[in-house]
file run_11.pdb (PDB, C-alpha atoms)
ATOM      1  CA  MET A 135      96.590  14.379  64.348
ATOM      2  CA  PRO A 136      95.051  13.125  67.614
ATOM      3  CA  SER A 137      91.308  13.394  67.971
ATOM      4  CA  PRO A 138      89.898  16.185  70.172
ATOM      5  CA  ARG A 139      88.809  13.761  72.862
ATOM      6  CA  SER A 140      92.235  12.135  73.043
ATOM      7  CA  LEU A 141      93.574  15.493  74.245
ATOM      8  CA  LEU A 142      91.247  15.519  77.223
ATOM      9  CA  LEU A 143      93.473  13.439  79.499
ATOM     10  CA  PRO A 144      92.608   9.847  80.273
ATOM     11  CA  LEU A 145      88.915  10.760  80.206
ATOM     12  CA  LEU A 146      87.942   9.265  76.887
ATOM     13  CA  ALA A 147      85.790   6.271  77.653
ATOM     14  CA  THR A 148      86.952   3.092  75.956
ATOM     15  CA  SER A 149      83.700   1.520  76.998
ATOM     16  CA  ALA A 150      80.377   2.784  78.174
ATOM     17  CA  SER A 151      81.286   1.518  81.626
ATOM     18  CA  ALA A 152      83.396   4.646  81.907
ATOM     19  CA  PHE A 153      80.475   6.938  81.135
ATOM     20  CA  LEU A 154      78.780   8.764  83.935
ATOM     21  CA  ALA A 155      75.345   7.171  84.153
ATOM     22  CA  ALA A 156      72.721   9.457  82.722
ATOM     23  CA  PRO A 157      69.609  10.177  84.787
ATOM     24  CA  GLY A 158      67.620   7.011  85.238
ATOM     25  CA  LEU A 159      70.624   4.647  85.292
ATOM     26  CA  SER A 160      72.028   3.456  88.575
ATOM     27  CA  ARG A 161      75.438   4.863  89.475
ATOM     28  CA  ALA A 162      76.184   1.530  91.142
ATOM     29  CA  ALA A 163      76.334  -0.088  87.709
ATOM     30  CA  VAL A 164      79.051   2.310  86.558
ATOM     31  CA  PRO A 165      82.561   1.663  87.917
ATOM     32  CA  ARG A 166      84.548   4.679  88.943
ATOM     33  CA  VAL A 167      87.659   5.650  86.985
ATOM     34  CA  SER A 168      90.563   7.220  88.813
ATOM     35  CA  ILE A 169      92.332  10.156  87.197
ATOM     36  CA  ASN A 170      96.073  10.150  87.789
ATOM     37  CA  GLN A 171      96.990  13.235  85.755
ATOM     38  CA  PRO A 172      96.200  16.907  86.410
ATOM     39  CA  LEU A 173      93.826  18.771  84.154
ATOM     40  CA  GLN A 174      95.769  20.150  81.189
ATOM     41  CA  MET A 175      93.947  23.020  79.557
ATOM     42  CA  ALA A 176      95.096  23.677  75.998
ATOM     43  CA  LEU A 177      93.038  26.787  75.287
ATOM     44  CA  ASN A 178      93.802  30.483  75.445
ATOM     45  CA  TYR A 179      91.062  31.991  77.594
ATOM     46  CA  ASN A 180      91.980  35.472  76.351
ATOM     47  CA  ASP A 181      90.705  34.373  72.935
ATOM     48  CA  PRO A 182      87.284  36.045  72.396
ATOM     49  CA  ALA A 183      85.792  32.841  70.965
ATOM     50  CA  VAL A 184      86.918  30.841  73.975
ATOM     51  CA  ALA A 185      85.710  33.529  76.378
ATOM     52  CA  GLU A 186      82.313  33.552  74.686
ATOM     53  CA  GLU A 187      81.993  29.770  74.997
ATOM     54  CA  PHE A 188      83.054  29.934  78.631
ATOM     55  CA  SER A 189      80.341  32.498  79.381
ATOM     56  CA  LYS A 190      77.746  30.111  77.924
ATOM     57  CA  VAL A 191      78.969  27.165  79.972
ATOM     58  CA  GLN A 192      79.354  29.187  83.175
ATOM     59  CA  GLY A 193      75.581  29.577  83.488
ATOM     60  CA  MET A 194      74.862  25.851  83.068
ATOM     61  CA  GLU A 195      73.841  23.574  85.914
ATOM     62  CA  TYR A 196      76.444  21.028  87.034
ATOM     63  CA  ASP A 197      74.273  18.037  86.025
ATOM     64  CA  ASP A 198      73.742  19.468  82.535
ATOM     65  CA  VAL A 199      77.485  19.888  82.078
ATOM     66  CA  VAL A 200      78.150  16.315  83.203
ATOM     67  CA  THR A 201      75.444  14.983  80.876
ATOM     68  CA  GLU A 202      76.908  16.757  77.846
ATOM     69  CA  LEU A 203      80.362  15.416  78.656
ATOM     70  CA  ALA A 204      78.976  11.899  79.024
ATOM     71  CA  GLN A 205      77.220  12.180  75.668
ATOM     72  CA  SER A 206      80.630  12.791  74.091
ATOM     73  CA  GLY A 207      82.147   9.807  75.877
ATOM     74  CA  VAL A 208      83.896  11.763  78.637
ATOM     75  CA  ARG A 209      83.257  10.854  82.269
ATOM     76  CA  ALA A 210      83.546  13.638  84.825
ATOM     77  CA  PRO A 211      85.190  12.196  87.972
ATOM     78  CA  ALA A 212      83.147  12.606  91.141
ATOM     79  CA  THR A 213      86.145  14.354  92.738
ATOM     80  CA  MET A 214      86.164  17.144  90.132
ATOM     81  CA  GLY A 215      84.642  20.439  91.191
ATOM     82  CA  ASP A 216      82.040  22.552  89.435
ATOM     83  CA  MET A 217      84.482  24.934  87.727
ATOM     84  CA  GLU A 218      86.857  22.177  86.632
ATOM     85  CA  VAL A 219      84.001  20.295  84.986
ATOM     86  CA  LYS A 220      82.854  23.449  83.191
ATOM     87  CA  LEU A 221      86.369  24.189  81.942
ATOM     88  CA  MET A 222      86.536  20.630  80.645
ATOM     89  CA  LEU A 223      83.316  21.157  78.691
ATOM     90  CA  VAL A 224      84.605  24.441  77.234
ATOM     91  CA  GLU A 225      87.709  22.643  75.982
ATOM     92  CA  LEU A 226      85.651  19.807  74.542
ATOM     93  CA  ARG A 227      83.321  22.205  72.715
ATOM     94  CA  MET A 228      86.131  24.312  71.310
ATOM     95  CA  MET A 229      88.086  21.287  70.113
ATOM     96  CA  GLY A 230      84.950  19.879  68.557
ATOM     97  CA  SER A 231      84.315  23.198  66.845
ATOM     98  CA  SER A 232      87.835  23.349  65.390
ATOM     99  CA  ALA A 233      87.449  19.828  64.031
ATOM    100  CA  SER A 234      83.881  20.187  62.786
ATOM    101  CA  ASN A 235      84.889  21.142  59.275
ATOM    102  CA  LYS A 236      87.412  18.338  58.928
ATOM    103  CA  GLN A 237      86.378  15.000  57.495
ATOM    104  CA  LYS A 238      86.432  12.258  60.078
ATOM    105  CA  LYS A 239      89.185   9.742  59.501
ATOM    106  CA  ARG A 240      88.814   6.101  60.385
ATOM    107  CA  PRO A 241      91.208   5.327  63.267
ATOM    108  CA  ASP A 242      94.114   2.989  62.583
ATOM    109  CA  LYS A 243      93.137   0.954  65.630
ATOM    110  CA  PHE A 244      89.763   0.884  67.359
ATOM    111  CA  SER A 245      89.729   1.684  71.070
ATOM    112  CA  SER A 246      86.646  -0.440  71.773
ATOM    113  CA  LYS A 247      84.122  -2.763  70.165
ATOM    114  CA  PHE A 248      81.650   0.106  70.270
ATOM    115  CA  GLU A 249      83.922   2.375  68.245
ATOM    116  CA  GLU A 250      84.570  -0.439  65.779
ATOM    117  CA  ALA A 251      80.821  -0.961  65.267
ATOM    118  CA  LEU A 252      80.307   2.735  64.554
ATOM    119  CA  TRP A 253      82.840   2.509  61.740
ATOM    120  CA  THR A 254      82.073  -0.943  60.332
ATOM    121  CA  LYS A 255      78.322  -1.430  60.886
ATOM    122  CA  PRO A 256      76.482   1.362  59.043
ATOM    123  CA  VAL A 257      73.006   0.212  60.081
ATOM    124  CA  PHE A 258      74.050   0.228  63.738
ATOM    125  CA  ALA A 259      75.760   3.614  63.305
ATOM    126  CA  ALA A 260      72.526   5.047  61.886
ATOM    127  CA  MET A 261      70.577   3.652  64.824
ATOM    128  CA  TYR A 262      72.999   5.207  67.312
ATOM    129  CA  GLU A 263      72.904   8.573  65.539
ATOM    130  CA  ASP A 264      69.124   8.486  65.798
ATOM    131  CA  LEU A 265      69.374   7.992  69.564
ATOM    132  CA  LYS A 266      71.845  10.873  69.739
ATOM    133  CA  ALA A 267      69.541  13.150  67.729
ATOM    134  CA  LYS A 268      66.732  12.385  70.175
ATOM    135  CA  GLY A 269      68.988  13.154  73.137
ATOM    136  CA  ASP A 270      68.300   9.695  74.597
ATOM    137  CA  HIS A 271      71.442   9.464  76.713
ATOM    138  CA  ASN A 272      70.274   6.449  78.716
ATOM    139  CA  SER A 273      69.761   4.368  75.581
ATOM    140  CA  MET A 274      73.052   5.577  74.106
ATOM    141  CA  ASN A 275      74.934   4.449  77.204
ATOM    142  CA  VAL A 276      73.147   1.092  77.355
ATOM    143  CA  VAL A 277      73.849   0.364  73.697
ATOM    144  CA  ALA A 278      77.521   1.314  74.005
ATOM    145  CA  GLU A 279      77.912  -0.759  77.145
ATOM    146  CA  TYR A 280      76.229  -3.712  75.445
ATOM    147  CA  LEU A 281      78.704  -3.492  72.554
ATOM    148  CA  ASN A 282      81.699  -3.442  74.879
ATOM    149  CA  GLU A 283      80.582  -5.918  77.533
ATOM    150  CA  GLY A 284      78.177  -8.205  75.697
ATOM    151  CA  ALA A 285      76.435 -10.761  77.892
ATOM    152  CA  ASP A 286      77.272  -8.978  81.153
ATOM    153  CA  ALA A 287      75.594  -5.754  80.015
ATOM    154  CA  LYS A 288      72.675  -7.685  78.576
ATOM    155  CA  ALA A 289      72.102  -9.372  81.946
ATOM    156  CA  ARG A 290      72.114  -5.986  83.693
ATOM    157  CA  TYR A 291      69.825  -4.099  81.332
ATOM    158  CA  TYR A 292      67.654  -6.517  79.398
ATOM    159  CA  SER A 293      64.726  -6.363  81.824
ATOM    160  CA  SER A 294      64.429  -2.599  81.266
ATOM    161  CA  TYR A 295      65.961  -2.201  77.808
ATOM    162  CA  GLY A 296      65.204  -5.518  76.130
ATOM    163  CA  ALA A 297      63.633  -3.994  73.021
ATOM    164  CA  LEU A 298      66.580  -1.608  72.622
ATOM    165  CA  ILE A 299      69.150  -4.401  72.930
ATOM    166  CA  ASP A 300      67.210  -6.531  70.426
ATOM    167  CA  GLN A 301      67.185  -3.564  68.060
ATOM    168  CA  ALA A 302      70.940  -3.128  68.488
ATOM    169  CA  GLU A 303      71.551  -6.815  67.758
ATOM    170  CA  ALA A 304      69.416  -6.636  64.621
ATOM    171  CA  ALA A 305      71.253  -3.508  63.468
ATOM    172  CA  LEU A 306      74.639  -5.153  64.028
ATOM    173  CA  ASN A 307      73.643  -8.144  61.909
ATOM    174  CA  ALA A 308      71.794  -6.202  59.217
ATOM    175  CA  LYS A 309      73.289  -5.788  55.787
ATOM    176  CA  PRO A 310      72.916  -2.250  54.447
ATOM    177  CA  GLU A 311      70.952  -1.910  51.240
ATOM    178  CA  VAL A 312      73.074  -2.209  48.122
ATOM    179  CA  THR A 313      72.184   0.746  45.906
ATOM    180  CA  SER A 314      75.290   1.019  43.727
ATOM    181  CA  PRO A 315      77.482  -1.319  41.652
ATOM    182  CA  LYS A 316      80.527   0.212  43.368
ATOM    183  CA  VAL A 317      81.872  -1.644  46.416
ATOM    184  CA  LYS A 318      84.557  -0.505  48.835
ATOM    185  CA  PHE A 319      86.570  -3.383  50.289
ATOM    186  CA  SER A 320      89.216  -4.074  52.904
ATOM    187  CA  GLY A 321      90.811  -7.214  54.336
ATOM    188  CA  PHE A 322      91.835  -9.427  51.429
ATOM    189  CA  PRO A 323      95.338 -10.869  52.024
ATOM    190  CA  SER A 324      98.010  -8.791  50.314
ATOM    191  CA  ASN A 325      99.683 -11.924  48.953
ATOM    192  CA  MET A 326      96.733 -12.312  46.574
ATOM    193  CA  GLY A 327      98.103  -9.358  44.664
ATOM    194  CA  GLU A 328      96.101  -6.901  42.614
ATOM    195  CA  THR A 329      95.671  -9.293  39.684
ATOM    196  CA  GLY A 330      94.643 -12.230  41.855
ATOM    197  CA  LEU A 331      92.049 -10.208  43.725
ATOM    198  CA  GLN A 332      90.627  -8.737  40.547
ATOM    199  CA  MET A 333      90.232 -12.218  39.075
ATOM    200  CA  THR A 334      88.514 -13.379  42.274
ATOM    201  CA  LEU A 335      85.969 -10.571  42.078
ATOM    202  CA  GLN A 336      85.462 -11.039  38.332
ATOM    203  CA  ALA A 337      84.223 -14.533  39.081
ATOM    204  CA  LEU A 338      81.148 -12.896  40.642
ATOM    205  CA  GLY A 339      80.354 -10.610  37.715
ATOM    206  CA  GLU A 340      81.810  -8.287  35.133
ATOM    207  CA  VAL A 341      84.182  -5.707  36.617
ATOM    208  CA  VAL A 342      84.332  -2.326  34.857
ATOM    209  CA  GLU A 343      86.683  -0.541  37.271
ATOM    210  CA  PHE A 344      89.079  -1.779  39.925
ATOM    211  CA  SER A 345      91.743  -0.268  42.178
ATOM    212  CA  CYS A 346      93.526  -1.475  45.294
ATOM    213  CA  ALA A 347      96.616  -0.951  47.440
ATOM    214  CA  GLU A 348      98.188  -2.554  50.464
ATOM    215  CA  SER A 349      97.101  -1.179  53.836
ATOM    216  CA  ASP A 350      99.648   0.715  55.898
ATOM    217  CA  ASP A 351      98.472  -1.073  59.048
ATOM    218  CA  PHE A 352      97.944  -4.716  58.068
ATOM    219  CA  PRO A 353      99.158  -7.006  55.243
ATOM    220  CA  VAL A 354      95.790  -6.661  53.527
ATOM    221  CA  LEU A 355      94.440  -5.045  50.371
ATOM    222  CA  VAL A 356      92.033  -2.118  50.435
ATOM    223  CA  GLY A 357      90.299  -0.472  47.507
ATOM    224  CA  GLU A 358      87.178  -0.225  45.361
ATOM    225  CA  VAL A 359      85.584  -2.293  42.633
ATOM    226  CA  THR A 360      82.787  -1.276  40.291
ATOM    227  CA  PHE A 361      80.733  -4.080  38.799
ATOM    228  CA  ALA A 362      78.650  -3.854  35.658
ATOM    229  CA  ASP A 363      75.432  -4.214  37.672
ATOM    230  CA  ILE A 364      74.089  -4.001  41.215
ATOM    231  CA  GLU A 365      73.312  -7.723  41.395
ATOM    232  CA  SER A 366      77.001  -8.580  41.052
ATOM    233  CA  ALA A 367      77.816  -6.082  43.806
ATOM    234  CA  LYS A 368      75.237  -7.749  46.059
ATOM    235  CA  LYS A 369      76.774 -11.162  45.378
ATOM    236  CA  ALA A 370      80.232  -9.887  46.298
ATOM    237  CA  ILE A 371      79.001  -8.367  49.549
ATOM    238  CA  ASP A 372      76.947 -11.436  50.484
ATOM    239  CA  GLN A 373      79.865 -13.764  49.822
ATOM    240  CA  TYR A 374      82.757 -11.878  51.374
ATOM    241  CA  ASP A 375      81.568  -9.259  53.875
ATOM    242  CA  GLY A 376      82.463 -10.371  57.396
ATOM    243  CA  MET A 377      84.581 -13.329  56.283
ATOM    244  CA  ASP A 378      87.559 -14.025  58.558
ATOM    245  CA  MET A 379      90.699 -14.391  56.454
ATOM    246  CA  GLY A 380      92.997 -14.679  59.484
ATOM    247  CA  MET A 381      94.713 -11.382  58.739
ATOM    248  CA  GLY A 382      93.871  -9.519  61.937
ATOM    249  CA  GLU A 383      90.551  -8.114  60.748
ATOM    250  CA  LYS A 384      87.500  -9.457  58.932
ATOM    251  CA  LEU A 385      86.764  -8.699  55.312
ATOM    252  CA  GLN A 386      84.655  -5.605  54.824
ATOM    253  CA  MET A 387      82.611  -5.064  51.680
ATOM    254  CA  MET A 388      80.425  -1.961  51.609
ATOM    255  CA  SER A 389      78.262  -0.456  48.880
ATOM    256  CA  VAL A 390      79.256   3.133  48.098
TER     257      VAL A 390
END
call {"tool": "encode", "arguments": {"input": "run_11.pdb", "output": "structure tokens"}}
result
Amino acid sequence: MPSPRSLLLPLLATSASAFLAAPGLSRAAVPRVSINQPLQMALNYNDPAVAEEFSKVQGMEYDDVVTELAQSGVRAPATMGDMEVKLMLVELRMMGSSASNKQKKRPDKFSSKFEEALWTKPVFAAMYEDLKAKGDHNSMNVVAEYLNEGADAKARYYSSYGALIDQAEAALNAKPEVTSPKVKFSGFPSNMGETGLQMTLQALGEVVEFSCAESDDFPVLVGEVTFADIESAKKAIDQYDGMDMGMGEKLQMMSV
């Protein structure tokens, strides 16, 4: 099932360059994105729940609507009028509400380096969620843009956001604390086979439980291993997490 934002036309930002700059960031640094499709509303505005949400949004200031859209990764084109932007926000809120009780599923393919980091770098993801909880839209946009554009974004923002960018770099490189002997893994070549992989992991410590299967997307093995102790789990993560096996994605080893 497509994500709520993917239903909002070509408005989902694949990089923070597509975000509308939050107050305090220069609009000149944000390239404009042209919209070639008409707005396609998927909601029934006779639905009482939708009507109630619309009444809440209708009283909002234009800038507040744009900011909330940007926080969700949706850029409101400068050519879009006040009512169109508000209808877009209603749709975004309602779609988000309908999906709120569903567990998020890791995408089969990441749309940007920023999205990949949110899924594969738990320390960075926690840092970003903290910025979101504080409502620090400027920092959120800078961090996302840094992930997607690297050195170019760093050159633009380091003088004003140097400490933030340093914090993001540290979070990206940080290893999350290992608190369990169970490790979730992904990325070992499928030609190793279940037995071969289990033997490889047993070389690091006693394995008490092991399961794996071939990924539907890449010729790699995914699964979980439970070691007899936390130290063995740490060794496995230190040795293999982030290793490039030449299979289209790096090895991922995460304590669970």
call {"tool": "resolve_selection", "arguments": {"input": "run_11.pdb", "expression": "the PyMOL selection byres ((chain A and resi 372) around 12)", "output": "list in words"}}
result
Ala308, Lys309, Pro310, Glu311, Val312, Val317, Leu338, Glu365, Ser366, Ala367, Lys368, Lys369, Ala370, Ile371, Gln373, Tyr374, Asp375, Gly376, Met377, Leu385, Gln386, Met387, Met388 and Ser389 of chain A
call {"tool": "closest_residue", "arguments": {"input": "run_11.pdb", "among": "A:Asn275, A:Thr213, A:Asn282, A:Ser320", "to": "A:Glu249", "atoms": "all atoms listed in the file"}}
result
A:Asn282
call {"tool": "closest_residue", "arguments": {"input": "run_11.pdb", "among": "A:Ser245, A:Thr254, A:Thr360, A:Ser345", "to": "A:Glu328", "atoms": "only C-alpha atoms"}}
result
A:Ser345
call {"tool": "closest_residue", "arguments": {"input": "run_11.pdb", "among": "A:Glu358, A:Leu306, A:Thr201, A:Val191", "to": "A:Lys255", "atoms": "only C-alpha atoms"}}
result
A:Leu306
call {"tool": "resolve_selection", "arguments": {"input": "run_11.pdb", "expression": "the PyMOL selection byres ((chain A and resi 361) around 6)", "output": "list in words"}}
result
Pro315, Glu340, Val341, Val342, Thr360, Ala362 and Asp363 of chain A
call {"tool": "resolve_selection", "arguments": {"input": "run_11.pdb", "expression": "the PyMOL selection byres ((chain A and resi 352) around 12)", "output": "ChimeraX atom specification"}}
result
/A:242-243,320-325,347-351,353-356,380-384
call {"tool": "atom_distance", "arguments": {"input": "run_11.pdb", "atom1": "atom CA of A:Arg290", "atom2": "atom CA of A:Lys268"}}
result
23.4 Å
call {"tool": "closest_residue", "arguments": {"input": "run_11.pdb", "among": "A:Ile299, A:Met261, A:Val199, A:Leu226", "to": "A:Ala287", "atoms": "only C-alpha atoms"}}
result
A:Ile299
call {"tool": "atom_distance", "arguments": {"input": "run_11.pdb", "atom1": "atom CA of A:Glu263", "atom2": "atom CA of A:Ala304"}}
result
15.6 Å
call {"tool": "atom_distance", "arguments": {"input": "run_11.pdb", "atom1": "atom CA of A:Val200", "atom2": "atom CA of A:Ala285"}}
result
27.6 Å
call {"tool": "residues_around", "arguments": {"input": "run_11.pdb", "residues": "A:Trp253", "least_positions_apart": "2", "cutoff": "10 Å", "atoms": "only C-alpha atoms", "output": "list of chain:residue names"}}
result
A:Lys239, A:Arg240, A:Pro241, A:Phe244, A:Phe248, A:Glu249, A:Glu250, A:Ala251, A:Lys255, A:Pro256, A:Phe258, A:Ala259
